[in-house]
>>> print(open('final-v4.csv').read())   # CSV, N, CA, C and O atoms
chain,number,residue,atom,x,y,z
A,1,ARG,N,-10.7,-34.1,-31.8
A,1,ARG,CA,-11.6,-35.1,-32.3
A,1,ARG,C,-13.0,-34.5,-32.5
A,1,ARG,O,-13.4,-33.8,-31.6
A,2,THR,N,-13.6,-34.7,-33.6
A,2,THR,CA,-14.9,-34.1,-33.9
A,2,THR,C,-16.0,-35.0,-33.3
A,2,THR,O,-15.9,-36.3,-33.3
A,3,SER,N,-17.1,-34.4,-32.9
A,3,SER,CA,-18.2,-35.2,-32.4
A,3,SER,C,-19.1,-35.7,-33.5
A,3,SER,O,-18.9,-35.2,-34.6
A,4,ALA,N,-19.9,-36.6,-33.2
A,4,ALA,CA,-20.8,-37.1,-34.2
A,4,ALA,C,-21.8,-36.1,-34.8
A,4,ALA,O,-22.2,-36.1,-35.9
A,5,THR,N,-22.1,-35.1,-34.0
A,5,THR,CA,-23.0,-34.0,-34.5
A,5,THR,C,-22.3,-33.1,-35.4
A,5,THR,O,-22.9,-32.4,-36.2
A,6,GLN,N,-21.0,-33.0,-35.3
A,6,GLN,CA,-20.2,-32.1,-36.2
A,6,GLN,C,-20.0,-32.7,-37.6
A,6,GLN,O,-19.9,-32.0,-38.6
A,7,ARG,N,-19.9,-34.0,-37.6
A,7,ARG,CA,-19.6,-34.7,-38.9
A,7,ARG,C,-20.6,-34.5,-40.0
A,7,ARG,O,-20.2,-34.2,-41.1
A,8,PRO,N,-21.9,-34.6,-39.7
A,8,PRO,CA,-22.8,-34.4,-40.9
A,8,PRO,C,-22.7,-33.0,-41.5
A,8,PRO,O,-22.8,-32.8,-42.7
A,9,ALA,N,-22.5,-31.9,-40.6
A,9,ALA,CA,-22.4,-30.6,-41.2
A,9,ALA,C,-21.1,-30.5,-42.0
A,9,ALA,O,-21.1,-29.9,-43.1
A,10,ALA,N,-20.0,-31.1,-41.6
A,10,ALA,CA,-18.8,-31.0,-42.3
A,10,ALA,C,-18.9,-31.8,-43.6
A,10,ALA,O,-18.4,-31.3,-44.7
A,11,LEU,N,-19.6,-32.9,-43.6
A,11,LEU,CA,-19.8,-33.6,-44.8
A,11,LEU,C,-20.7,-32.9,-45.8
A,11,LEU,O,-20.5,-32.9,-47.0
A,12,ALA,N,-21.7,-32.2,-45.2
A,12,ALA,CA,-22.6,-31.4,-46.1
A,12,ALA,C,-21.8,-30.3,-46.8
A,12,ALA,O,-22.1,-30.0,-48.0
A,13,VAL,N,-20.9,-29.6,-46.1
A,13,VAL,CA,-20.1,-28.6,-46.7
A,13,VAL,C,-19.2,-29.2,-47.8
A,13,VAL,O,-19.1,-28.6,-48.9
A,14,LYS,N,-18.6,-30.3,-47.5
A,14,LYS,CA,-17.8,-31.0,-48.5
A,14,LYS,C,-18.6,-31.4,-49.7
A,14,LYS,O,-18.2,-31.2,-50.8
A,15,ASP,N,-19.8,-32.0,-49.5
A,15,ASP,CA,-20.7,-32.4,-50.6
A,15,ASP,C,-21.1,-31.2,-51.4
A,15,ASP,O,-21.1,-31.3,-52.6
A,16,LYS,N,-21.4,-30.1,-50.8
A,16,LYS,CA,-21.8,-28.9,-51.5
A,16,LYS,C,-20.6,-28.4,-52.4
A,16,LYS,O,-20.8,-28.0,-53.5
A,17,PHE,N,-19.4,-28.4,-51.8
A,17,PHE,CA,-18.3,-27.9,-52.6
A,17,PHE,C,-18.0,-28.9,-53.8
A,17,PHE,O,-17.7,-28.4,-54.9
A,18,LEU,N,-18.1,-30.2,-53.5
A,18,LEU,CA,-17.9,-31.1,-54.6
A,18,LEU,C,-19.0,-30.9,-55.7
A,18,LEU,O,-18.7,-31.0,-56.9
A,19,MET,N,-20.2,-30.7,-55.3
A,19,MET,CA,-21.3,-30.4,-56.3
A,19,MET,C,-21.0,-29.1,-57.1
A,19,MET,O,-21.1,-29.1,-58.3
A,20,PHE,N,-20.5,-28.1,-56.4
A,20,PHE,CA,-20.1,-26.9,-57.0
A,20,PHE,C,-19.0,-27.1,-58.0
A,20,PHE,O,-19.1,-26.7,-59.2
A,21,GLU,N,-18.0,-27.8,-57.6
A,21,GLU,CA,-16.8,-28.0,-58.4
A,21,GLU,C,-17.2,-28.8,-59.7
A,21,GLU,O,-16.8,-28.5,-60.8
A,22,GLU,N,-18.0,-29.9,-59.5
A,22,GLU,CA,-18.4,-30.7,-60.6
A,22,GLU,C,-19.3,-29.9,-61.6
A,22,GLU,O,-19.1,-30.0,-62.8
A,23,THR,N,-20.2,-29.1,-61.1
A,23,THR,CA,-21.1,-28.3,-61.9
A,23,THR,C,-20.2,-27.3,-62.7
A,23,THR,O,-20.4,-27.1,-63.9
A,24,LEU,N,-19.3,-26.6,-62.1
A,24,LEU,CA,-18.5,-25.6,-62.8
A,24,LEU,C,-17.6,-26.2,-63.8
A,24,LEU,O,-17.5,-25.8,-64.9
A,25,ASP,N,-17.0,-27.4,-63.4
A,25,ASP,CA,-16.2,-28.1,-64.4
A,25,ASP,C,-16.9,-28.5,-65.6
A,25,ASP,O,-16.4,-28.5,-66.7
A,26,ARG,N,-18.2,-29.0,-65.4
A,26,ARG,CA,-18.9,-29.4,-66.6
A,26,ARG,C,-19.2,-28.2,-67.5
A,26,ARG,O,-19.1,-28.3,-68.8
A,27,ALA,N,-19.5,-27.0,-66.9
A,27,ALA,CA,-19.8,-25.8,-67.7
A,27,ALA,C,-18.5,-25.4,-68.4
A,27,ALA,O,-18.5,-25.0,-69.6
A,28,ILE,N,-17.4,-25.5,-67.7
A,28,ILE,CA,-16.1,-25.1,-68.4
A,28,ILE,C,-15.8,-26.0,-69.5
A,28,ILE,O,-15.4,-25.6,-70.6
A,29,GLU,N,-16.0,-27.3,-69.3
A,29,GLU,CA,-15.8,-28.3,-70.4
A,29,GLU,C,-16.7,-28.0,-71.6
A,29,GLU,O,-16.3,-28.0,-72.8
A,30,ALA,N,-18.0,-27.7,-71.3
A,30,ALA,CA,-18.9,-27.4,-72.4
A,30,ALA,C,-18.6,-26.1,-73.1
A,30,ALA,O,-18.9,-26.0,-74.3
A,31,GLY,N,-17.9,-25.2,-72.4
A,31,GLY,CA,-17.5,-23.9,-73.0
A,31,GLY,C,-16.2,-24.0,-73.7
A,31,GLY,O,-15.7,-23.0,-74.2
A,32,GLY,N,-15.6,-25.2,-73.8
A,32,GLY,CA,-14.3,-25.4,-74.6
A,32,GLY,C,-13.1,-25.1,-73.8
A,32,GLY,O,-12.0,-24.8,-74.4
A,33,GLY,N,-13.1,-25.2,-72.5
A,33,GLY,CA,-11.9,-25.0,-71.6
A,33,GLY,C,-12.0,-23.6,-70.9
A,33,GLY,O,-12.9,-22.8,-71.2
A,34,VAL,N,-11.1,-23.4,-70.0
A,34,VAL,CA,-11.2,-22.2,-69.1
A,34,VAL,C,-11.1,-20.9,-69.9
A,34,VAL,O,-12.0,-20.0,-69.7
A,35,ILE,N,-10.2,-20.8,-70.8
A,35,ILE,CA,-10.1,-19.5,-71.6
A,35,ILE,C,-11.3,-19.2,-72.4
A,35,ILE,O,-11.8,-18.1,-72.4
A,36,SER,N,-11.7,-20.2,-73.2
A,36,SER,CA,-12.9,-20.0,-74.0
A,36,SER,C,-14.2,-19.8,-73.2
A,36,SER,O,-15.0,-18.9,-73.5
A,37,PHE,N,-14.3,-20.5,-72.1
A,37,PHE,CA,-15.4,-20.3,-71.2
A,37,PHE,C,-15.4,-18.9,-70.6
A,37,PHE,O,-16.5,-18.3,-70.6
A,38,ALA,N,-14.3,-18.5,-70.2
A,38,ALA,CA,-14.2,-17.1,-69.6
A,38,ALA,C,-14.6,-16.1,-70.6
A,38,ALA,O,-15.3,-15.1,-70.3
A,39,LYS,N,-14.1,-16.2,-71.8
A,39,LYS,CA,-14.5,-15.2,-72.9
A,39,LYS,C,-16.0,-15.2,-73.1
A,39,LYS,O,-16.6,-14.2,-73.2
A,40,THR,N,-16.6,-16.4,-73.2
A,40,THR,CA,-18.0,-16.5,-73.3
A,40,THR,C,-18.8,-15.8,-72.2
A,40,THR,O,-19.8,-15.2,-72.4
A,41,MET,N,-18.2,-16.0,-71.0
A,41,MET,CA,-18.8,-15.4,-69.8
A,41,MET,C,-18.6,-13.9,-69.6
A,41,MET,O,-19.1,-13.3,-68.8
A,42,GLY,N,-17.6,-13.4,-70.4
A,42,GLY,CA,-17.3,-12.0,-70.3
A,42,GLY,C,-16.4,-11.7,-69.1
A,42,GLY,O,-16.4,-10.6,-68.5
A,43,VAL,N,-15.6,-12.6,-68.7
A,43,VAL,CA,-14.6,-12.4,-67.6
A,43,VAL,C,-13.3,-12.9,-68.0
A,43,VAL,O,-13.1,-13.5,-69.1
A,44,THR,N,-12.3,-12.7,-67.2
A,44,THR,CA,-10.9,-13.2,-67.4
A,44,THR,C,-10.9,-14.7,-66.9
A,44,THR,O,-11.7,-15.1,-66.1
A,45,HIS,N,-9.9,-15.4,-67.4
A,45,HIS,CA,-9.7,-16.8,-66.9
A,45,HIS,C,-9.3,-16.7,-65.4
A,45,HIS,O,-9.6,-17.7,-64.7
A,46,GLN,N,-8.6,-15.6,-65.0
A,46,GLN,CA,-8.3,-15.5,-63.6
A,46,GLN,C,-9.5,-15.5,-62.7
A,46,GLN,O,-9.6,-16.0,-61.6
A,47,ALA,N,-10.6,-14.8,-63.2
A,47,ALA,CA,-11.8,-14.7,-62.5
A,47,ALA,C,-12.4,-16.1,-62.3
A,47,ALA,O,-12.9,-16.5,-61.2
A,48,VAL,N,-12.4,-16.9,-63.4
A,48,VAL,CA,-12.9,-18.3,-63.3
A,48,VAL,C,-12.1,-19.1,-62.2
A,48,VAL,O,-12.7,-19.8,-61.4
A,49,TYR,N,-10.8,-19.0,-62.2
A,49,TYR,CA,-10.0,-19.7,-61.2
A,49,TYR,C,-10.3,-19.2,-59.8
A,49,TYR,O,-10.3,-19.9,-58.8
A,50,HIS,N,-10.6,-17.9,-59.7
A,50,HIS,CA,-11.0,-17.3,-58.4
A,50,HIS,C,-12.3,-17.9,-57.9
A,50,HIS,O,-12.5,-18.2,-56.8
A,51,TRP,N,-13.3,-18.1,-58.8
A,51,TRP,CA,-14.6,-18.7,-58.5
A,51,TRP,C,-14.3,-20.1,-57.9
A,51,TRP,O,-14.9,-20.5,-56.9
A,52,LYS,N,-13.4,-20.8,-58.6
A,52,LYS,CA,-13.1,-22.2,-58.2
A,52,LYS,C,-12.5,-22.2,-56.8
A,52,LYS,O,-12.8,-23.1,-56.0
A,53,LYS,N,-11.6,-21.3,-56.6
A,53,LYS,CA,-10.9,-21.2,-55.3
A,53,LYS,C,-11.9,-20.9,-54.1
A,53,LYS,O,-11.8,-21.5,-53.1
A,54,ARG,N,-12.8,-19.9,-54.4
A,54,ARG,CA,-13.6,-19.5,-53.3
A,54,ARG,C,-14.9,-20.3,-53.1
A,54,ARG,O,-15.6,-20.3,-52.1
A,55,GLY,N,-15.2,-21.1,-54.2
A,55,GLY,CA,-16.3,-22.0,-54.0
A,55,GLY,C,-17.7,-21.5,-54.4
A,55,GLY,O,-18.7,-22.2,-54.1
A,56,TYR,N,-17.8,-20.4,-55.1
A,56,TYR,CA,-19.0,-19.9,-55.6
A,56,TYR,C,-18.8,-19.0,-56.8
A,56,TYR,O,-17.7,-18.4,-56.9
A,57,VAL,N,-19.9,-18.8,-57.5
A,57,VAL,CA,-19.9,-17.9,-58.7
A,57,VAL,C,-20.8,-16.7,-58.4
A,57,VAL,O,-21.9,-17.0,-57.8
A,58,PRO,N,-20.5,-15.5,-58.7
A,58,PRO,CA,-21.4,-14.4,-58.5
A,58,PRO,C,-22.8,-14.7,-59.1
A,58,PRO,O,-22.9,-15.4,-60.2
A,59,PHE,N,-23.9,-14.2,-58.5
A,59,PHE,CA,-25.2,-14.5,-58.9
A,59,PHE,C,-25.5,-14.3,-60.4
A,59,PHE,O,-26.0,-15.1,-61.1
A,60,ASP,N,-25.1,-13.1,-60.9
A,60,ASP,CA,-25.3,-12.8,-62.3
A,60,ASP,C,-24.6,-13.7,-63.2
A,60,ASP,O,-25.1,-14.1,-64.3
A,61,LYS,N,-23.4,-14.1,-62.9
A,61,LYS,CA,-22.6,-15.0,-63.7
A,61,LYS,C,-23.2,-16.5,-63.6
A,61,LYS,O,-23.2,-17.2,-64.6
A,62,ALA,N,-23.7,-16.8,-62.4
A,62,ALA,CA,-24.3,-18.2,-62.2
A,62,ALA,C,-25.5,-18.3,-63.1
A,62,ALA,O,-25.8,-19.3,-63.7
A,63,ALA,N,-26.3,-17.2,-63.2
A,63,ALA,CA,-27.5,-17.2,-64.0
A,63,ALA,C,-27.1,-17.4,-65.5
A,63,ALA,O,-27.8,-18.1,-66.3
A,64,LYS,N,-26.0,-16.7,-65.9
A,64,LYS,CA,-25.5,-16.8,-67.3
A,64,LYS,C,-25.0,-18.2,-67.6
A,64,LYS,O,-25.3,-18.7,-68.7
A,65,VAL,N,-24.4,-18.9,-66.6
A,65,VAL,CA,-23.9,-20.3,-66.8
A,65,VAL,C,-25.1,-21.1,-67.0
A,65,VAL,O,-25.2,-22.0,-67.9
A,66,GLN,N,-26.2,-20.9,-66.2
A,66,GLN,CA,-27.4,-21.7,-66.4
A,66,GLN,C,-28.0,-21.5,-67.8
A,66,GLN,O,-28.4,-22.5,-68.4
A,67,ASN,N,-28.1,-20.3,-68.2
A,67,ASN,CA,-28.7,-20.0,-69.5
A,67,ASN,C,-27.9,-20.5,-70.7
A,67,ASN,O,-28.5,-21.0,-71.6
A,68,LEU,N,-26.6,-20.4,-70.6
A,68,LEU,CA,-25.7,-20.8,-71.7
A,68,LEU,C,-25.4,-22.3,-71.7
A,68,LEU,O,-25.3,-22.8,-72.8
A,69,PHE,N,-25.2,-22.8,-70.6
A,69,PHE,CA,-24.7,-24.2,-70.5
A,69,PHE,C,-25.6,-25.2,-69.8
A,69,PHE,O,-25.3,-26.4,-69.8
A,70,GLY,N,-26.7,-24.7,-69.3
A,70,GLY,CA,-27.7,-25.6,-68.7
A,70,GLY,C,-27.4,-26.2,-67.4
A,70,GLY,O,-28.1,-27.1,-66.9
A,71,GLU,N,-26.4,-25.6,-66.7
A,71,GLU,CA,-26.0,-26.1,-65.4
A,71,GLU,C,-26.8,-25.3,-64.3
A,71,GLU,O,-26.9,-24.1,-64.4
A,72,PRO,N,-27.3,-26.0,-63.3
A,72,PRO,CA,-28.2,-25.3,-62.3
A,72,PRO,C,-27.4,-24.3,-61.5
A,72,PRO,O,-26.4,-24.6,-60.9
A,73,MET,N,-27.9,-23.1,-61.6
A,73,MET,CA,-27.3,-22.0,-60.8
A,73,MET,C,-27.3,-22.2,-59.3
A,73,MET,O,-26.4,-21.7,-58.6
A,74,LEU,N,-28.2,-22.9,-58.8
A,74,LEU,CA,-28.3,-23.2,-57.4
A,74,LEU,C,-27.0,-23.9,-56.9
A,74,LEU,O,-26.7,-23.8,-55.7
A,75,ASN,N,-26.4,-24.7,-57.8
A,75,ASN,CA,-25.2,-25.4,-57.4
A,75,ASN,C,-23.9,-24.5,-57.4
A,75,ASN,O,-22.9,-24.9,-57.0
A,76,LEU,N,-24.1,-23.3,-58.0
A,76,LEU,CA,-23.0,-22.4,-58.2
A,76,LEU,C,-22.9,-21.2,-57.3
A,76,LEU,O,-21.8,-20.6,-57.1
A,77,VAL,N,-24.0,-20.8,-56.8
A,77,VAL,CA,-24.0,-19.6,-55.9
A,77,VAL,C,-23.7,-19.9,-54.5
A,77,VAL,O,-23.8,-21.1,-54.1
A,78,ARG,N,-23.5,-18.9,-53.7
A,78,ARG,CA,-23.3,-19.1,-52.2
A,78,ARG,C,-24.5,-19.8,-51.6
A,78,ARG,O,-25.6,-19.6,-52.1
A,79,GLU,N,-24.3,-20.5,-50.6
A,79,GLU,CA,-25.3,-21.3,-50.0
A,79,GLU,C,-26.5,-20.4,-49.5
A,79,GLU,O,-27.7,-20.8,-49.6
A,80,ASP,N,-26.2,-19.3,-48.9
A,80,ASP,CA,-27.2,-18.4,-48.4
A,80,ASP,C,-28.1,-17.8,-49.6
A,80,ASP,O,-29.3,-17.7,-49.5
A,81,VAL,N,-27.5,-17.6,-50.7
A,81,VAL,CA,-28.2,-17.1,-51.9
A,81,VAL,C,-29.1,-18.2,-52.4
A,81,VAL,O,-30.2,-18.0,-52.8
A,82,ALA,N,-28.5,-19.4,-52.5
A,82,ALA,CA,-29.3,-20.6,-53.0
A,82,ALA,C,-30.5,-20.8,-52.1
A,82,ALA,O,-31.6,-21.1,-52.5
A,83,ALA,N,-30.3,-20.7,-50.7
A,83,ALA,CA,-31.4,-20.9,-49.8
A,83,ALA,C,-32.5,-19.8,-50.0
A,83,ALA,O,-33.7,-20.1,-50.0
A,84,ALA,N,-32.1,-18.5,-50.2
A,84,ALA,CA,-33.1,-17.5,-50.4
A,84,ALA,C,-33.8,-17.7,-51.7
A,84,ALA,O,-35.0,-17.5,-51.8
A,85,LEU,N,-33.2,-18.1,-52.8
A,85,LEU,CA,-33.8,-18.4,-54.0
A,85,LEU,C,-34.8,-19.5,-53.9
A,85,LEU,O,-35.9,-19.5,-54.5
A,86,THR,N,-34.5,-20.6,-53.1
A,86,THR,CA,-35.3,-21.7,-52.9
A,86,THR,C,-36.6,-21.3,-52.1
A,86,THR,O,-37.7,-21.7,-52.5
A,87,LEU,N,-36.4,-20.4,-51.1
A,87,LEU,CA,-37.5,-20.0,-50.3
A,87,LEU,C,-38.5,-19.1,-51.2
A,87,LEU,O,-39.7,-19.1,-50.9
A,88,ASN,N,-38.0,-18.3,-52.1
A,88,ASN,CA,-38.8,-17.4,-52.9
A,88,ASN,C,-39.4,-18.1,-54.1
A,88,ASN,O,-40.1,-17.5,-54.9
A,89,ALA,N,-39.0,-19.3,-54.4
A,89,ALA,CA,-39.5,-20.0,-55.6
A,89,ALA,C,-41.0,-20.4,-55.5
A,89,ALA,O,-41.5,-20.6,-54.5
>>> encode(input="final-v4.csv", output="structure tokens")
Amino acid sequence: RTSATQRPAALAVKDKFLMFEETLDRAIEAGGGVISFAKTMGVTHQAVYHWKKRGYVPFDKAAKVQNLFGEPMLNLVREDVAAALTLNA
């Protein structure tokens, strides 16, 4: 059984993943589907599926998604990278 103090952190992780997934899915849709999106991004469609599985996009590719599709890169990068970018802004 999880304690009340553990639940908010677990929900935050779940919310972060859902935000990531929704953001990446919108970019993929705007890019015309996984294969077309992958070609535009300069990667294989397998790489895109790998991003979805692990829950983040490499920094350089997240910046490219933001530039090409207008999706916020902070929703796509690892949480520690997003935190560092926020602190340096």
>>> residues_around(input="final-v4.csv", residues="range 46-52 of chain A", least_positions_apart="2", cutoff="8 Å", atoms="only N, CA, C and O atoms", output="count of residues only")
16
>>> atom_distance(input="final-v4.csv", atom1="atom N of Asn88 in chain A", atom2="atom C of Thr40 in chain A")
27.9 Å
>>> atom_distance(input="final-v4.csv", atom1="CA of Ala27 in chain A", atom2="CA of Leu68 in chain A")
8.7 Å
>>> select_by_dssp(input="final-v4.csv", residues="chain A", states="alpha helix (DSSP H)", output="PyMOL selection string")
chain A and resi 6-30+34-41+45-54+59-69+79-88
>>> atom_distance(input="final-v4.csv", atom1="CA of Leu87 in chain A", atom2="CA of Ile28 in chain A")
28.5 Å
>>> build_atoms(input="final-v4.csv", residues="range 70-81 of chain A", atoms="all heavy atoms", output="PDB file, in the frame of the given file")
ATOM      1  N   GLY A  70     -26.700 -24.700 -69.300  1.00  0.00           N
ATOM      2  CA  GLY A  70     -27.700 -25.600 -68.700  1.00  0.00           C
ATOM      3  C   GLY A  70     -27.400 -26.200 -67.400  1.00  0.00           C
ATOM      4  O   GLY A  70     -28.100 -27.100 -66.900  1.00  0.00           O
ATOM      5  N   GLU A  71     -26.400 -25.600 -66.700  1.00  0.00           N
ATOM      6  CA  GLU A  71     -26.000 -26.100 -65.400  1.00  0.00           C
ATOM      7  C   GLU A  71     -26.800 -25.300 -64.300  1.00  0.00           C
ATOM      8  O   GLU A  71     -26.900 -24.100 -64.400  1.00  0.00           O
ATOM      9  CB  GLU A  71     -24.477 -25.918 -65.155  1.00  0.00           C
ATOM     10  CG  GLU A  71     -23.607 -26.795 -66.035  1.00  0.00           C
ATOM     11  CD  GLU A  71     -23.786 -28.281 -65.790  1.00  0.00           C
ATOM     12  OE1 GLU A  71     -24.250 -28.675 -64.700  1.00  0.00           O
ATOM     13  OE2 GLU A  71     -23.458 -29.063 -66.691  1.00  0.00           O
ATOM     14  N   PRO A  72     -27.300 -26.000 -63.300  1.00  0.00           N
ATOM     15  CA  PRO A  72     -28.200 -25.300 -62.300  1.00  0.00           C
ATOM     16  C   PRO A  72     -27.400 -24.300 -61.500  1.00  0.00           C
ATOM     17  O   PRO A  72     -26.400 -24.600 -60.900  1.00  0.00           O
ATOM     18  CB  PRO A  72     -28.680 -26.479 -61.465  1.00  0.00           C
ATOM     19  CG  PRO A  72     -27.723 -27.595 -61.677  1.00  0.00           C
ATOM     20  CD  PRO A  72     -27.135 -27.414 -63.042  1.00  0.00           C
ATOM     21  N   MET A  73     -27.900 -23.100 -61.600  1.00  0.00           N
ATOM     22  CA  MET A  73     -27.300 -22.000 -60.800  1.00  0.00           C
ATOM     23  C   MET A  73     -27.300 -22.200 -59.300  1.00  0.00           C
ATOM     24  O   MET A  73     -26.400 -21.700 -58.600  1.00  0.00           O
ATOM     25  CB  MET A  73     -27.852 -20.630 -61.211  1.00  0.00           C
ATOM     26  CG  MET A  73     -29.247 -20.363 -60.724  1.00  0.00           C
ATOM     27  SD  MET A  73     -29.863 -18.747 -61.241  1.00  0.00           S
ATOM     28  CE  MET A  73     -28.904 -17.637 -60.233  1.00  0.00           C
ATOM     29  N   LEU A  74     -28.200 -22.900 -58.800  1.00  0.00           N
ATOM     30  CA  LEU A  74     -28.300 -23.200 -57.400  1.00  0.00           C
ATOM     31  C   LEU A  74     -27.000 -23.900 -56.900  1.00  0.00           C
ATOM     32  O   LEU A  74     -26.700 -23.800 -55.700  1.00  0.00           O
ATOM     33  CB  LEU A  74     -29.542 -23.935 -56.955  1.00  0.00           C
ATOM     34  CG  LEU A  74     -30.839 -23.153 -57.057  1.00  0.00           C
ATOM     35  CD1 LEU A  74     -32.027 -24.044 -56.690  1.00  0.00           C
ATOM     36  CD2 LEU A  74     -30.814 -21.915 -56.184  1.00  0.00           C
ATOM     37  N   ASN A  75     -26.400 -24.700 -57.800  1.00  0.00           N
ATOM     38  CA  ASN A  75     -25.200 -25.400 -57.400  1.00  0.00           C
ATOM     39  C   ASN A  75     -23.900 -24.500 -57.400  1.00  0.00           C
ATOM     40  O   ASN A  75     -22.900 -24.900 -57.000  1.00  0.00           O
ATOM     41  CB  ASN A  75     -24.911 -26.556 -58.339  1.00  0.00           C
ATOM     42  CG  ASN A  75     -25.910 -27.673 -58.178  1.00  0.00           C
ATOM     43  OD1 ASN A  75     -26.721 -27.672 -57.263  1.00  0.00           O
ATOM     44  ND2 ASN A  75     -25.864 -28.629 -59.080  1.00  0.00           N
ATOM     45  N   LEU A  76     -24.100 -23.300 -58.000  1.00  0.00           N
ATOM     46  CA  LEU A  76     -23.000 -22.400 -58.200  1.00  0.00           C
ATOM     47  C   LEU A  76     -22.900 -21.200 -57.300  1.00  0.00           C
ATOM     48  O   LEU A  76     -21.800 -20.600 -57.100  1.00  0.00           O
ATOM     49  CB  LEU A  76     -22.964 -21.905 -59.673  1.00  0.00           C
ATOM     50  CG  LEU A  76     -22.793 -22.985 -60.736  1.00  0.00           C
ATOM     51  CD1 LEU A  76     -23.045 -22.403 -62.115  1.00  0.00           C
ATOM     52  CD2 LEU A  76     -21.420 -23.622 -60.649  1.00  0.00           C
ATOM     53  N   VAL A  77     -24.000 -20.800 -56.800  1.00  0.00           N
ATOM     54  CA  VAL A  77     -24.000 -19.600 -55.900  1.00  0.00           C
ATOM     55  C   VAL A  77     -23.700 -19.900 -54.500  1.00  0.00           C
ATOM     56  O   VAL A  77     -23.800 -21.100 -54.100  1.00  0.00           O
ATOM     57  CB  VAL A  77     -25.410 -18.843 -56.011  1.00  0.00           C
ATOM     58  CG1 VAL A  77     -25.615 -18.297 -57.409  1.00  0.00           C
ATOM     59  CG2 VAL A  77     -26.560 -19.731 -55.596  1.00  0.00           C
ATOM     60  N   ARG A  78     -23.500 -18.900 -53.700  1.00  0.00           N
ATOM     61  CA  ARG A  78     -23.300 -19.100 -52.200  1.00  0.00           C
ATOM     62  C   ARG A  78     -24.500 -19.800 -51.600  1.00  0.00           C
ATOM     63  O   ARG A  78     -25.600 -19.600 -52.100  1.00  0.00           O
ATOM     64  CB  ARG A  78     -23.077 -17.766 -51.496  1.00  0.00           C
ATOM     65  CG  ARG A  78     -21.762 -17.117 -51.730  1.00  0.00           C
ATOM     66  CD  ARG A  78     -21.513 -15.928 -50.790  1.00  0.00           C
ATOM     67  NE  ARG A  78     -22.728 -15.321 -50.269  1.00  0.00           N
ATOM     68  CZ  ARG A  78     -23.150 -14.080 -50.565  1.00  0.00           C
ATOM     69  NH1 ARG A  78     -22.446 -13.330 -51.389  1.00  0.00           N
ATOM     70  NH2 ARG A  78     -24.245 -13.602 -50.039  1.00  0.00           N
ATOM     71  N   GLU A  79     -24.300 -20.500 -50.600  1.00  0.00           N
ATOM     72  CA  GLU A  79     -25.300 -21.300 -50.000  1.00  0.00           C
ATOM     73  C   GLU A  79     -26.500 -20.400 -49.500  1.00  0.00           C
ATOM     74  O   GLU A  79     -27.700 -20.800 -49.600  1.00  0.00           O
ATOM     75  CB  GLU A  79     -24.762 -22.134 -48.797  1.00  0.00           C
ATOM     76  CG  GLU A  79     -25.679 -23.226 -48.340  1.00  0.00           C
ATOM     77  CD  GLU A  79     -25.003 -24.205 -47.394  1.00  0.00           C
ATOM     78  OE1 GLU A  79     -23.765 -24.292 -47.391  1.00  0.00           O
ATOM     79  OE2 GLU A  79     -25.737 -24.865 -46.660  1.00  0.00           O
ATOM     80  N   ASP A  80     -26.200 -19.300 -48.900  1.00  0.00           N
ATOM     81  CA  ASP A  80     -27.200 -18.400 -48.400  1.00  0.00           C
ATOM     82  C   ASP A  80     -28.100 -17.800 -49.600  1.00  0.00           C
ATOM     83  O   ASP A  80     -29.300 -17.700 -49.500  1.00  0.00           O
ATOM     84  CB  ASP A  80     -26.696 -17.239 -47.562  1.00  0.00           C
ATOM     85  CG  ASP A  80     -25.709 -16.339 -48.308  1.00  0.00           C
ATOM     86  OD1 ASP A  80     -24.933 -16.841 -49.132  1.00  0.00           O
ATOM     87  OD2 ASP A  80     -25.719 -15.120 -48.045  1.00  0.00           O
ATOM     88  N   VAL A  81     -27.500 -17.600 -50.700  1.00  0.00           N
ATOM     89  CA  VAL A  81     -28.200 -17.100 -51.900  1.00  0.00           C
ATOM     90  C   VAL A  81     -29.100 -18.200 -52.400  1.00  0.00           C
ATOM     91  O   VAL A  81     -30.200 -18.000 -52.800  1.00  0.00           O
ATOM     92  CB  VAL A  81     -27.203 -16.612 -52.987  1.00  0.00           C
ATOM     93  CG1 VAL A  81     -27.936 -16.259 -54.276  1.00  0.00           C
ATOM     94  CG2 VAL A  81     -26.393 -15.430 -52.473  1.00  0.00           C
TER      95      VAL A  81
END
